[in-house]
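What follows is a set of notes on a single structure, which appears directly below.
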Amino acid sequence: MSDSTRNTENGAIRTLWTPEAAQTTDAAASVDATDAMDAMAAMDAMPVSDALATAAEPERIDLTAIREKLAAAKGPELWRGLEEVAQTEEFQQFVNAEFPASAELVTDGVSRRNFLKLMGASLALAGVNACTKQPTEKIFPYVKQPEEIIPGKPLFYATAASLDGYALGTLVESHTGRPTKIEGNPEHQASLGATDSITQATVLQLYDPDRSQVISRAGEIRPYAAFINELGVQIEGLEGNGGEGLRLLTGTVTSPTLVAQIEALQARYPEMRWHRYEPVSRDGARAGARLAFGKDVSVDLDISAAEVIVSLGADFLASGPGGVRYARQFADGRRLSGDSTEMNRLYVVEPLPTVTGGKADHRLPLEASRMEDAAERLATLLGVTGAKAAVFDERHETWLSAVAADLKEHRGHCVVIAGDQESAITHAWVHAINARLGNAGKTVRYREPIEAQPVSHRDSLAELTADAAAGKVTTLLILDANPVFDSPADVDFAGAVDTVPFSLHLGLYADETSERCLWHISQAHSLESWSDTRAYDGTVTIVQPLIAPLYGGKTAHEIVAALLGQPLASAHDIVKEHWSKAAATGGRAAGVTAEEYWRRSLHDGLAEGTQAVVVSASVRSGLAGRIAARRREDESVRAEDADDGGFEVVFRPDPHLWDGRFANLAWLQELPRPVTRLVWGNAVLVGARLAEENDLADGDVVELNYRGRSLKGPVWIAAGTAPDTIGLYLGHGRERGGRVADGVGFNAYAVRTSDAPWSGSGASLRKLGETESMASTQLHHSMEGRHLARHGTLQQYEADPGFQSHFDHIDPEGKSLFPEHPYEGYAWGMSIDLNACIGCMACTIACQAENNIPVVGKQEVINGREMHWIRVDRYFEGDLDDPHFHHQPVPCMQCENAPCEVVCPVNATVHSDEGLNDMVYNRCVGTRYCSNNCPYKVRRFNFKLWNDWETEQLKMQRNPDVTVRSRGVMEKCTYCVQSINHKRIEAKREGRDIRDGEIETACQQVCPAEAISFGNINDAEANVSRDKAGPRSYSLLGELGTKPRTTYLASVRNPNPALEPPGESHGGHGGHGSHGDKAGGNGGHGDGH
Amino acid sequence: MAQIFKPSANVYARLSIFGALFAVVGLLFAMAAFMRSDYMTNARVAREQPVPFSHRHHVNELGIDCRYCHTSVEKSSNAGIPATQICMNCHSQIWSDSPTLEPVRASWRTGESIEWIKVHDLPDYVYFNHSIHVAKGIGCASCHGRVDHMNLTWQESSLHMEWCLDCHRNPQNHIRPRDEVFNMAWTPSDDPDFSAAALMKEYNVNGRDDCSVCHR
């Protein structure tokens, strides 16, 4: 290989390489083959022991060098992590060893002789192992067979999962009385049949063995009757003084029944105060609406009608009320099915990279402190009255004016969205912009507020704390909140609650707050309770229990009823009675009885006619003046020690643990965070430039000093973070969260102050010189930079819909040595639309719930042994500080010529006549040859007994239709063969063929963006066949001739020509250019092989 | 020095070498036979039950249809073990004082299940479905034997995978008309027009033997 291939003058260095590319002698080929050969040599030369030795001291990553490499690059530059770009030894080691830490298994003290002895013995005993006699088992039939229950057939009940009070309609699968899996309710407007990752995990929360199981007073177990007696005495004291000293603290409440109960309480005790505190509150949105409209409204977006979408800090695709629906609408707007070239365009301005930012056509990393200015600047450019923001610097100004121009062109067909974590001022400007653009009533509607009696949560908690400290609170009831853990650092709620004589905590866990309260009452889980809740648009769902409370938990309804003097009322009666009354006046149509209405609402999972009323909201004049006043007000409450210098800290709820309430759910702890790919813990997130300037690397432990408080945590470099910004995810570092949650990560609430709940300046970092090992799935299962996540621009797509096929190097047709399999009848296949995929990770956790997949813990993830059957690969493209993101879900490809099948010595993985690679757990002896030979690295090995076979509660969660795997066997995606079998049997019994769309895999079912299609590829009319026939369809590593059944649709970005002139795109099939002499290049490759 | 081994020792040596070989092969055969023995498979072992329920009496002598008790056999993977209520439909009226039936009445009084001993116990990694077999014209007796002749119930077949595959690969040997599925006594010779091939076609029977049909 001569140096002539190094064509740096053309800027044609590519840090990623392929063996084919390394052999080409074409000077135009944009491959730094020398680097590649060096890397190969390094790989060959390094013995395993050396690799292990170097692993102990990870090589420092030279960010400056990486930046230079990237800056010099042209063409599609996809990189998975900084280590890969740097090509460090650590990364090389990862690539060499698929399960990197497996080497340590043979380095223990067992001598060769002993090893052979053991091997001989186990070989001899292996056959005897099968000679076990089935133990006698018993059958326990019902005494009275419940109506509708047929053992072996699941039932589905409509109910809802709530987060921060907002509902997502669900259908819960129940096997003979055990809820096992949560699906979306297609008729529910917030769900449209899909769910998100948190909702998927709530079924695990139900069976969490760490849930609070008892009622206790000052730490001693007491019966509920004892609580009722003591409460009765307490109430007597309150009757006389109108309830003075009685305080109620809840999160956001939307439940109409609970609201009615609390209103009755307010009527009975006029002096009572109802406080609300949600650490992830929407105070900014609430205040912003008041600022703009003079009243509270709920925002209801119609993304499907928007051709241009601008998000100012809003992660609207993945979090917040309506997120699941918005993701569907967003994906529908860019599906490019058939001949359509219609696509919406998404601009995102955000300080920290999010799922939404990852889908942006143009993303602007911007410090949180400049968001208000950006909103006002946009308003100014659009001619909103009163907006007169100064011009930004040139780069930002170009960006903002291009966005403004695009918005102007799409009046009434665009929408600007402000994030829930943004300030009132940003929200107010956004309302004004939408009004100015004529979007109100079209892409954005305003409804009556969904939250009852909206208040500022920040002020409400501060008031309660001050009153308690002043001795004004005698009776405090905390219902389903954990303020001792999640209150701001400057609000000493823990100290205040200690001074309250009678305090009660109702919660799922005996947590930080219950420890401080006199009484703790175990709460019934939402799958055990009767209640009601409202969706983002106000639609009510009656929450019905799937199972009787496992630990006799109580609901908030019952506690409030006890205060109202009805200690024996059941939640069912309370909710039903409310609806018999409300139905008389509410959405019930004429001629429908209250009972009919109740039953229909329960069955459908939504109560008709309960949508919140659409209100007309016009921006009141004098907005600029009010905003200026608000700004002065904000200044005045700012902490005195706030400092304008230093770094900016941005707080965000953890994408999976949220405010910390889900921290004990191991599924969520081990689910990679959408952008950082971190699991089991949080990090001090910094941008590449900040890390470079301060000599920080992944895992360096730093002390963060911020407004007189400090915390210690490891650094993680998150590409795409705004300059001088430090990101902190809330919800980690629990102290009394349960066995899973405790001690994982650090508690970011420790530095969060109430005057700056989401961001503040004046932070500094001090490197402590220690490092912490962090678990990230980012570098696992590398695919060596081949053209995996293919993508282009809309312009390229319009010019050539089959643009992605230029990435194909070799046509493997007819090159297989193995005979073709004939597929008569069904042939299952899957197509994943990368254009629709938002990378939210819901598929991974839905698969985990459906297929009884265990969690492995932090150390095993570091060892590369996570078990997820479908992973979502995330690639960066371009600039280190402002990259594009690409997401690619990777399940088993179910290859027609499967490399795994031919190497199994015991026939444990075999080909079915419908094209599945069947995995037979009982035959598997754990050679792992199959995984070794799998080019997609989708096989997972049970190195240890990770499934919990002891805990009774967890046994109840498992899907009875899927084997619970033991130690020492390989497993992988099965295309949810249990569903295929069920539907095949159903169809055969009815004497028909399986209909298209009848079988839904778990990943497909959960996907908010409907990115996955699945079906019979022998049926040309099937959705999946149509997807596969489209020009964007391609096979992953198709050149290997594996003929994967899972294929992908290339993603298409829709850049604004004003910001990214055509041809300058560093995305797209830049590869096209370098293969301009395609015939020659291909010929070269062909000859090379 | 005299010979220690006589010439005949050669014969013994050869014999013992061959003998050892035969012993090893024989042992393997013996193990295979042992695995298939009724002792290991529990086949043809009448199982004691809390109530000595007799299928012979209920099916053969009284003529009760299988589906009266095994209610979900046509709908679900599980055939269904009758709830106590089904027993009490009759036994609240007849034999209502019988001491043998006390466990049934006790269950009815207390609401506790009768603890039946499982006779046909497939390994947990096997997912068998009754409904599809019934729908495809496989009679109860094909797998369960002449239950109508059993006092205490036993398992007729080994339930080994080779036994399953024997039928999945040759369903023509076991198929019968759908309306004879629950007829324990039916044999092909009962029906002069019977044609296994015609039924296979009519019922669209194609015994699949992919692993994932039963294991998942």
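Within each chain, counting starts at residue 1; across the structure tokens, chains are named A, B, ... in the order shown, with ligands numbered 1 upward in that order.
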
Problem set entry | Neighbours of chain A in chain B at 8 Å, counting only C-alpha atoms, as a ChimeraX atom specification | /B:35,40-41,72,76-78,80-85,107-108,111-118,121,123-125,127,131-132,135-136,203,210-213,215-216

With N, CA and C atoms retained, write the just-selected residues as a compact mmCIF listing (two decimals), in the first residue's frame.
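Result file result_32.txt:
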```txt
# COMPACT_ATOMS: atom_id res chain seq x y z
N MET B 35 -34.33 -44.85 29.30
CA MET B 35 -34.97 -43.55 29.10
C MET B 35 -36.38 -43.69 28.58
N MET B 40 -39.32 -44.27 33.58
CA MET B 40 -38.85 -42.90 33.37
C MET B 40 -39.94 -41.99 32.83
N THR B 41 -40.78 -42.49 31.96
CA THR B 41 -41.75 -41.61 31.30
C THR B 41 -43.05 -41.51 32.08
N SER B 72 -62.33 -26.06 27.38
CA SER B 72 -61.64 -25.17 26.44
C SER B 72 -60.81 -25.94 25.41
N SER B 76 -58.56 -23.37 23.23
CA SER B 76 -57.32 -22.89 23.83
C SER B 76 -56.25 -23.96 23.79
N SER B 77 -55.05 -23.56 24.18
CA SER B 77 -53.98 -24.53 24.29
C SER B 77 -54.30 -25.53 25.40
N ASN B 78 -54.86 -25.03 26.48
CA ASN B 78 -55.22 -25.90 27.60
C ASN B 78 -56.59 -26.53 27.34
N GLY B 80 -58.33 -27.68 29.72
CA GLY B 80 -59.13 -27.20 30.84
C GLY B 80 -59.43 -28.32 31.82
N ILE B 81 -59.07 -28.11 33.08
CA ILE B 81 -59.43 -29.04 34.15
C ILE B 81 -60.71 -28.49 34.76
N PRO B 82 -61.74 -29.30 34.94
CA PRO B 82 -63.03 -28.76 35.36
C PRO B 82 -62.95 -28.06 36.72
N ALA B 83 -63.67 -26.96 36.83
CA ALA B 83 -63.80 -26.29 38.12
C ALA B 83 -64.65 -27.17 39.03
N THR B 84 -64.49 -26.99 40.33
CA THR B 84 -65.29 -27.75 41.30
C THR B 84 -66.78 -27.63 40.98
N GLN B 85 -67.12 -26.45 40.51
CA GLN B 85 -68.52 -26.19 40.16
C GLN B 85 -69.07 -27.24 39.20
N SER B 107 -63.88 -28.53 48.83
CA SER B 107 -63.44 -27.46 47.94
C SER B 107 -64.57 -26.46 47.70
N TRP B 108 -65.76 -26.98 47.53
CA TRP B 108 -66.93 -26.13 47.27
C TRP B 108 -67.23 -25.26 48.48
N GLY B 111 -63.79 -22.95 49.09
CA GLY B 111 -63.27 -22.14 48.00
C GLY B 111 -61.82 -22.46 47.66
N GLU B 112 -61.28 -23.53 48.25
CA GLU B 112 -59.91 -23.95 47.91
C GLU B 112 -59.96 -24.96 46.77
N SER B 113 -58.98 -24.87 45.86
CA SER B 113 -58.97 -25.78 44.72
C SER B 113 -58.74 -27.23 45.16
N ILE B 114 -59.27 -28.17 44.38
CA ILE B 114 -58.88 -29.57 44.55
C ILE B 114 -57.49 -29.71 43.95
N GLU B 115 -56.59 -30.36 44.66
CA GLU B 115 -55.22 -30.46 44.16
C GLU B 115 -55.04 -31.74 43.37
N TRP B 116 -55.31 -31.69 42.09
CA TRP B 116 -55.16 -32.86 41.25
C TRP B 116 -53.68 -33.10 40.93
N ILE B 117 -53.33 -34.36 40.77
CA ILE B 117 -51.97 -34.70 40.34
C ILE B 117 -51.95 -34.67 38.82
N LYS B 118 -50.97 -33.96 38.27
CA LYS B 118 -50.89 -33.81 36.82
C LYS B 118 -50.48 -35.15 36.20
N ASP B 121 -47.69 -34.43 31.88
CA ASP B 121 -46.88 -33.29 32.27
C ASP B 121 -45.77 -33.08 31.24
N PRO B 123 -42.66 -31.06 29.48
CA PRO B 123 -41.62 -30.14 29.98
C PRO B 123 -42.02 -28.68 29.73
N ASP B 124 -41.47 -27.77 30.55
CA ASP B 124 -41.89 -26.37 30.47
C ASP B 124 -41.51 -25.70 29.17
N TYR B 125 -40.56 -26.27 28.44
CA TYR B 125 -40.15 -25.63 27.19
C TYR B 125 -40.93 -26.14 25.99
N TYR B 127 -44.59 -26.13 24.13
CA TYR B 127 -45.85 -25.40 24.10
C TYR B 127 -46.84 -26.15 23.22
N SER B 131 -56.27 -27.10 20.93
CA SER B 131 -57.33 -26.69 20.00
C SER B 131 -56.98 -27.00 18.54
N ILE B 132 -55.72 -26.82 18.17
CA ILE B 132 -55.38 -27.03 16.76
C ILE B 132 -55.39 -28.51 16.42
N ALA B 135 -58.96 -29.45 15.96
CA ALA B 135 -59.50 -28.88 14.73
C ALA B 135 -59.00 -29.62 13.50
N LYS B 136 -57.83 -30.24 13.59
CA LYS B 136 -57.26 -30.92 12.43
C LYS B 136 -57.62 -32.40 12.40
N TYR B 203 -58.65 -30.83 5.44
CA TYR B 203 -58.33 -30.08 6.66
C TYR B 203 -57.04 -29.28 6.52
N ASP B 210 -40.89 -27.94 12.35
CA ASP B 210 -39.91 -26.92 12.74
C ASP B 210 -39.86 -26.83 14.25
N CYS B 211 -38.68 -26.54 14.77
CA CYS B 211 -38.51 -26.48 16.23
C CYS B 211 -39.47 -25.47 16.86
N SER B 212 -39.61 -24.30 16.16
CA SER B 212 -40.36 -23.22 16.79
C SER B 212 -41.86 -23.50 16.80
N VAL B 213 -42.30 -24.59 16.19
CA VAL B 213 -43.72 -24.92 16.28
C VAL B 213 -44.08 -25.22 17.74
N HIS B 215 -41.38 -25.21 20.42
CA HIS B 215 -40.42 -24.60 21.36
C HIS B 215 -40.25 -23.13 21.03
N ARG B 216 -40.31 -22.27 22.06
CA ARG B 216 -40.11 -20.86 21.78
C ARG B 216 -39.66 -20.12 23.03
```

For this session: Please identify which residues in segment 2-112 of chain B DSSP calls alpha helix (DSSP H) from the backbone, and express them as an MDAnalysis selection string.
Result: chainID B and resid 8:35 38:41 55 66:69 84:91 102:110

Problem set entry | Exercise: segment 147-150 of chain B partners within 8 Å, only C-alpha atoms, chain neighbours under 4 positions left out, as a PyMOL selection string | chain B and resi 54-60+141+154+184

For this session: Give me the residues within 12 Å of Ser37 of chain B as a PyMOL selection string, counting only C-alpha atoms and dropping any in the same chain fewer than 5 places off.
Result: (chain A and resi 131+133) or (chain B and resi 30-32+42-45+157-160)

For this session: Can you pull out every residue within 12 Å of Arg516 of chain A, counting only C-alpha atoms, but drop anything in the same chain fewer than 2 positions away, and send it as a PyMOL selection string?
Result: chain A and resi 216-219+476+478+482-485+493-505+510-514+518-520+736

Those same residues, written as a CSV table (one decimal), in the first residue's frame with N, CA and C atoms?
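As a result, selection-v2.csv now contains:
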```
chain,number,residue,atom,x,y,z
A,216,SER,N,-47.3,1.6,58.3
A,216,SER,CA,-46.4,1.7,59.5
A,216,SER,C,-46.6,3.1,60.1
A,217,ARG,N,-46.4,3.1,61.4
A,217,ARG,CA,-46.5,4.3,62.2
A,217,ARG,C,-45.1,4.4,62.9
A,218,ALA,N,-44.4,5.5,62.6
A,218,ALA,CA,-43.1,5.7,63.2
A,218,ALA,C,-42.2,4.4,63.1
A,219,GLY,N,-42.3,3.8,61.9
A,219,GLY,CA,-41.5,2.6,61.6
A,219,GLY,C,-42.1,1.3,62.1
A,476,LEU,N,-50.4,16.9,57.9
A,476,LEU,CA,-49.9,17.0,56.5
A,476,LEU,C,-50.1,15.6,55.9
A,478,ILE,N,-49.2,13.7,52.5
A,478,ILE,CA,-48.5,13.7,51.3
A,478,ILE,C,-48.9,12.5,50.4
A,482,ASN,N,-42.7,12.5,46.6
A,482,ASN,CA,-41.5,12.2,47.3
A,482,ASN,C,-40.6,13.5,47.5
A,483,PRO,N,-41.2,14.5,48.1
A,483,PRO,CA,-40.5,15.8,48.1
A,483,PRO,C,-39.2,15.8,49.0
A,484,VAL,N,-39.1,14.9,49.9
A,484,VAL,CA,-37.8,14.9,50.7
A,484,VAL,C,-36.6,14.6,49.8
A,485,PHE,N,-36.9,13.7,48.8
A,485,PHE,CA,-35.8,13.4,47.8
A,485,PHE,C,-35.7,14.5,46.7
A,493,PHE,N,-37.3,20.9,52.9
A,493,PHE,CA,-38.6,20.2,53.2
A,493,PHE,C,-38.4,19.1,54.3
A,494,ALA,N,-37.3,18.4,54.2
A,494,ALA,CA,-37.1,17.3,55.2
A,494,ALA,C,-37.2,17.9,56.6
A,495,GLY,N,-36.5,19.0,56.8
A,495,GLY,CA,-36.5,19.7,58.1
A,495,GLY,C,-37.9,20.1,58.5
A,496,ALA,N,-38.6,20.6,57.5
A,496,ALA,CA,-40.0,21.2,57.8
A,496,ALA,C,-40.9,20.1,58.2
A,497,VAL,N,-40.8,18.9,57.5
A,497,VAL,CA,-41.8,17.9,57.8
A,497,VAL,C,-41.6,17.3,59.2
A,498,ASP,N,-40.4,17.4,59.7
A,498,ASP,CA,-40.1,16.9,61.0
A,498,ASP,C,-40.9,17.6,62.1
A,499,THR,N,-41.2,18.9,61.8
A,499,THR,CA,-41.9,19.7,62.8
A,499,THR,C,-43.4,19.5,62.8
A,500,VAL,N,-43.9,18.7,61.8
A,500,VAL,CA,-45.4,18.6,61.7
A,500,VAL,C,-45.8,17.4,62.6
A,501,PRO,N,-46.7,17.7,63.5
A,501,PRO,CA,-47.1,16.6,64.5
A,501,PRO,C,-47.7,15.4,63.8
A,502,PHE,N,-48.6,15.6,62.9
A,502,PHE,CA,-49.2,14.4,62.2
A,502,PHE,C,-49.0,14.5,60.7
A,503,SER,N,-48.1,13.6,60.3
A,503,SER,CA,-47.8,13.6,58.9
A,503,SER,C,-48.0,12.2,58.3
A,504,LEU,N,-48.5,12.2,57.1
A,504,LEU,CA,-48.8,10.9,56.5
A,504,LEU,C,-48.2,10.9,55.1
A,505,HIS,N,-47.6,9.7,54.7
A,505,HIS,CA,-47.1,9.6,53.3
A,505,HIS,C,-47.8,8.4,52.7
A,510,ALA,N,-41.5,2.7,50.5
A,510,ALA,CA,-41.1,3.3,51.7
A,510,ALA,C,-39.9,4.1,51.4
A,511,ASP,N,-40.0,5.3,51.0
A,511,ASP,CA,-38.9,6.1,50.5
A,511,ASP,C,-38.4,7.1,51.4
A,512,GLU,N,-37.6,8.1,50.8
A,512,GLU,CA,-37.0,9.1,51.6
A,512,GLU,C,-38.1,9.9,52.4
A,513,THR,N,-39.2,10.1,51.8
A,513,THR,CA,-40.2,10.9,52.5
A,513,THR,C,-41.0,10.2,53.6
A,514,SER,N,-41.2,8.9,53.3
A,514,SER,CA,-42.0,8.1,54.3
A,514,SER,C,-41.1,8.0,55.6
A,518,LEU,N,-44.8,10.4,60.0
A,518,LEU,CA,-45.3,9.6,61.2
A,518,LEU,C,-45.9,8.3,60.6
A,519,TRP,N,-46.8,8.5,59.7
A,519,TRP,CA,-47.5,7.3,59.1
A,519,TRP,C,-47.0,7.1,57.6
A,520,HIS,N,-46.8,5.9,57.3
A,520,HIS,CA,-46.6,5.5,55.9
A,520,HIS,C,-47.7,4.5,55.5
A,736,ARG,N,-33.2,5.8,49.5
A,736,ARG,CA,-34.2,4.8,50.0
A,736,ARG,C,-35.2,4.5,48.9
```

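The interatomic distance for the pair atom CA of Asn206 of chain B and atom CA of Pro177 of chain B works out to 15.8 Å.
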
Problem set entry | Non-local contacts of segment 271-287 of chain A (7 Å; only C-alpha atoms; under 4 positions in same chain excluded) as a PyMOL selection string | chain A and resi 242-252+266+291+296+420-424+427+456-458+460-461+486-487+653+659

Problem set entry | Who sits within 6 Å of segment 726-731 of chain A, only C-alpha atoms, same chain under 2 positions skipped, as a ChimeraX atom specification | /A:648-654,659-660,684-686,748

Please write the residues from the selection above to a file, keeping C-alpha atoms, as an mmCIF file, in the first residue's frame.
```cif
data_model
loop_
_atom_site.group_PDB
_atom_site.id
_atom_site.type_symbol
_atom_site.label_atom_id
_atom_site.label_comp_id
_atom_site.auth_asym_id
_atom_site.auth_seq_id
_atom_site.Cartn_x
_atom_site.Cartn_y
_atom_site.Cartn_z
ATOM 1 C CA GLU A 648 -24.194 26.747 32.730
ATOM 2 C CA VAL A 649 -25.887 23.834 34.431
ATOM 3 C CA VAL A 650 -28.924 22.347 32.728
ATOM 4 C CA PHE A 651 -31.188 19.973 34.651
ATOM 5 C CA ARG A 652 -33.403 17.515 32.834
ATOM 6 C CA PRO A 653 -35.511 14.587 33.983
ATOM 7 C CA ASP A 654 -33.817 11.310 33.201
ATOM 8 C CA ASP A 659 -37.802 12.404 38.378
ATOM 9 C CA GLY A 660 -36.496 9.300 40.145
ATOM 10 C CA VAL A 684 -21.891 15.165 34.303
ATOM 11 C CA LEU A 685 -22.642 15.606 30.609
ATOM 12 C CA VAL A 686 -20.379 17.983 28.739
ATOM 13 C CA ALA A 748 -28.536 16.103 40.976
#
```

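Here atom CA of Leu711 of chain A and atom CA of Glu633 of chain A stand 29.1 Å from one another.
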
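If only C-alpha atoms are the atoms counted, then among A:Met343, A:Ile627, A:Val903, A:Leu231 the closest residue to Gly565 of chain A is A:Leu231.
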
For this session: Could you pull out the residues in segment 11-199 of chain B that DSSP calls strand (DSSP E or B) from the backbone, as a list in words?
Result: Ala43, Trp116, Ile117, Ile138, Gln155 and Ile175 of chain B

Written selection (C-alpha atoms) as a compact mmCIF listing (two decimals), in the first residue's frame:
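The resulting file, result_31.txt, is reproduced below:
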```txt
# COMPACT_ATOMS: atom_id res chain seq x y z
CA ALA B 43 -46.42 -43.97 30.98
CA TRP B 116 -55.16 -32.86 41.25
CA ILE B 117 -51.97 -34.70 40.34
CA ILE B 138 -56.70 -35.75 15.74
CA GLN B 155 -50.60 -41.45 30.59
CA ILE B 175 -56.16 -38.37 11.24
```

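Here atom CA of Asp700 of chain A is placed at a distance of 10.0 Å from atom CA of Ala683 of chain A.
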